[in-house]
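Notes for the one structure printed next.
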Amino acid sequence: MVTLSFRPVQFQVLPQPISHKHLPKWSNGGMCTRRPMVVIKSAIAEPGGQPAPVGQKTKYKDGFFEKAFMNLFARKMEKFAAPGKPKEKKNGGFFEYDYESFVDVSKRVMQGRSRMQQQEVVREVLLSMLPPGAPAQFRKLFPPTKWAAEFNAALTVPFFHWLVGPSEVVEVEVNGVKQRSGVHIKKCRYLENSGCVGMCVNMCKIPTQDFFTNEFGLPLTMNPNFEDMSCEMIYGQAPPPFEEDPVSKQACFKDLCSMANTSATVCPKLQT
């Protein structure tokens, strides 16, 4: 799912220049003018600031802005969701949802909908979050160039943190060209909390790829790893057709997903 947010951070100022190894090239020489470099420390609440091992849920310390975006998106999605149980809702105030109840809304959006219908709901929610004409303006600001791909990769790390957890910019190869337009998500928070292959693919991967590629005009491919729950985002690379994507053959998380079909070789949510 495509999201923008701010999160509580700690800053450490280092008196050194920022090179192209860390961020896209901001100047003709590939090196910014000398200025402090800001290091953003994760709000993850685990020893060493690293995600918990597979099979265990990572603990997070969600701040004001993270909770605000959880509630904003959950309220938008609630309009499309099947009714939830009373005990699943929080009491009072704007912060009615935490991360788990946000994921629960996603599960209820899936109920009674085909794979394509689920993806369309996400698209409608994302468009409702943007001002009129935003996709066209994005296309003008960020044409599909190496610079635009690297710039959006750099933005993804802090702005997607509340949804997917800690990530880092990595070098990838796009059409034979090496560039820092890849984002490695260490352990996707959305996947580990849902435990559902169908939710990962239908409510995040495919609609996010489609939104950037078709609405924003900037190709994006996402490659989730269902072994360790990591994910690779590659800005600038066009996604393959669903039928040719390895995720289309992925089985359920039989031990993690409450909706899993243990006898199926492919997650049923990917076939309907």
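Letters for chains follow the order of the structure tokens (A, B, ...), residue numbers begin at 1 for each chain, and ligand numbers begin at 1 in the order shown.
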
With only C-alpha atoms as the counted atoms, please give the residues lying no more than 8 Å from A:Ile234, apart from itself and same-chain residues fewer than 4 positions off, as a PyMOL selection string. chain A and resi 153+172+181-183+220-222

With only C-alpha atoms counted and 12 Å as the cut-off, give the residues of stretch 116-219 of chain A in contact with stretch 47-71 of chain A, each with its shortest interatomic distance in Å and the pair that gives it, as JSON lines.
{"residue": "A:Met129", "atom": "CA", "partner": "A:Phe69", "partner_atom": "CA", "distance": 10.9}
{"residue": "A:Pro158", "atom": "CA", "partner": "A:Glu66", "partner_atom": "CA", "distance": 11.4}
{"residue": "A:Phe159", "atom": "CA", "partner": "A:Glu66", "partner_atom": "CA", "distance": 10.0}
{"residue": "A:Phe160", "atom": "CA", "partner": "A:Glu66", "partner_atom": "CA", "distance": 10.1}
{"residue": "A:His161", "atom": "CA", "partner": "A:Glu66", "partner_atom": "CA", "distance": 8.8}
{"residue": "A:Trp162", "atom": "CA", "partner": "A:Glu66", "partner_atom": "CA", "distance": 5.7}
{"residue": "A:Leu163", "atom": "CA", "partner": "A:Met70", "partner_atom": "CA", "distance": 8.3}
{"residue": "A:Val164", "atom": "CA", "partner": "A:Pro51", "partner_atom": "CA", "distance": 11.0}
{"residue": "A:Gly165", "atom": "CA", "partner": "A:Pro51", "partner_atom": "CA", "distance": 8.2}
{"residue": "A:Pro166", "atom": "CA", "partner": "A:Pro51", "partner_atom": "CA", "distance": 8.0}
{"residue": "A:Ser167", "atom": "CA", "partner": "A:Gln50", "partner_atom": "CA", "distance": 10.5}
{"residue": "A:Ile185", "atom": "CA", "partner": "A:Pro51", "partner_atom": "CA", "distance": 10.4}
{"residue": "A:Lys186", "atom": "CA", "partner": "A:Pro51", "partner_atom": "CA", "distance": 7.4}
{"residue": "A:Lys187", "atom": "CA", "partner": "A:Pro51", "partner_atom": "CA", "distance": 6.4}
{"residue": "A:Cys188", "atom": "CA", "partner": "A:Pro51", "partner_atom": "CA", "distance": 9.1}
{"residue": "A:Arg189", "atom": "CA", "partner": "A:Thr58", "partner_atom": "CA", "distance": 7.6}
{"residue": "A:Tyr190", "atom": "CA", "partner": "A:Lys57", "partner_atom": "CA", "distance": 10.5}
{"residue": "A:Leu191", "atom": "CA", "partner": "A:Lys57", "partner_atom": "CA", "distance": 10.1}
{"residue": "A:Glu192", "atom": "CA", "partner": "A:Lys57", "partner_atom": "CA", "distance": 6.5}
{"residue": "A:Asn193", "atom": "CA", "partner": "A:Lys57", "partner_atom": "CA", "distance": 6.8}
{"residue": "A:Ser194", "atom": "CA", "partner": "A:Lys57", "partner_atom": "CA", "distance": 10.2}
{"residue": "A:Gly195", "atom": "CA", "partner": "A:Gly55", "partner_atom": "CA", "distance": 9.4}

Residues within 8 Å of stretch 117-123 of chain A, please, as JSON, numbers by chain. Count only C-alpha atoms; anything in the same chain fewer than 4 positions from it doesn't count. {"A": [1, 77, 80, 109, 110, 113, 127, 202, 203, 206, 207, 211]}

All alpha helix (DSSP H) positions in stretch 136-202 of chain A, as number ranges by chain: A: 136-141, 146-159, 161-164, 189-194, 197-200

Find the distance between atom CA of A:Gln209 and atom CA of A:Gln271 and write it in Å to one decimal. 18.8 Å

Could you jot down the atom CA of A:Tyr235 to atom CA of A:Lys269 separation for me, Å, one decimal place?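 Between atom CA of A:Tyr235 and atom CA of A:Lys269 the gap is 26.2 Å.
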
Run DSSP on the backbone and tell me which residues of stretch 69-258 of chain A come out as strand (DSSP E or B); list them as a list in words. Ser167, Glu168, Val169, Val170, Glu171, Val172, Glu173, Val174, Val177, Lys178, Gln179, Arg180, Ser181, Gly182, Val183, His184, Ile185, Leu220, Thr221, Met222, Asn223, Pro224, Cys231, Glu232, Met233, Ile234 and Tyr235 of chain A

Could you give me, as a list in words, the residues within 8 Å of A:Pro143, counting only C-alpha atoms and dropping anything in the same chain fewer than 5 positions from it?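 In the requested format, the answer is Phe138, Ala148, Gly217 and Leu218 of chain A.
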
How about saving the chosen residues, N, CA and C atoms kept, as a PDB file, in the first residue's frame?
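Below is the file that was written, again_13.pdb:
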ATOM      1  N   PHE A 138       2.752  14.810 -10.178  1.00  0.00           N
ATOM      2  CA  PHE A 138       3.858  13.908  -9.868  1.00  0.00           C
ATOM      3  C   PHE A 138       4.611  13.543 -11.141  1.00  0.00           C
ATOM      4  N   ALA A 148      14.867  10.342 -10.712  1.00  0.00           N
ATOM      5  CA  ALA A 148      13.551  10.235 -10.073  1.00  0.00           C
ATOM      6  C   ALA A 148      13.421   8.922  -9.317  1.00  0.00           C
ATOM      7  N   GLY A 217       3.318   7.192 -13.203  1.00  0.00           N
ATOM      8  CA  GLY A 217       4.188   7.102 -14.359  1.00  0.00           C
ATOM      9  C   GLY A 217       5.627   6.740 -14.037  1.00  0.00           C
ATOM     10  N   LEU A 218       5.889   6.249 -12.824  1.00  0.00           N
ATOM     11  CA  LEU A 218       7.229   5.827 -12.424  1.00  0.00           C
ATOM     12  C   LEU A 218       7.193   4.326 -12.155  1.00  0.00           C
TER      13      LEU A 218
END

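Put simply, atom CA of A:Cys200 is 28.7 Å away from atom CA of A:Val177.
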
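Nearest to A:Val266 of all the residues A:Ser114, A:Asn175, A:Gln250, A:Gln237 is A:Gln250, counting only C-alpha atoms.
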
My list of candidates is A:Gly112, A:Pro241, A:Gly84, A:Pro268. Which is closest to A:Cys196 when distances are computed with only C-alpha atoms? A:Pro268
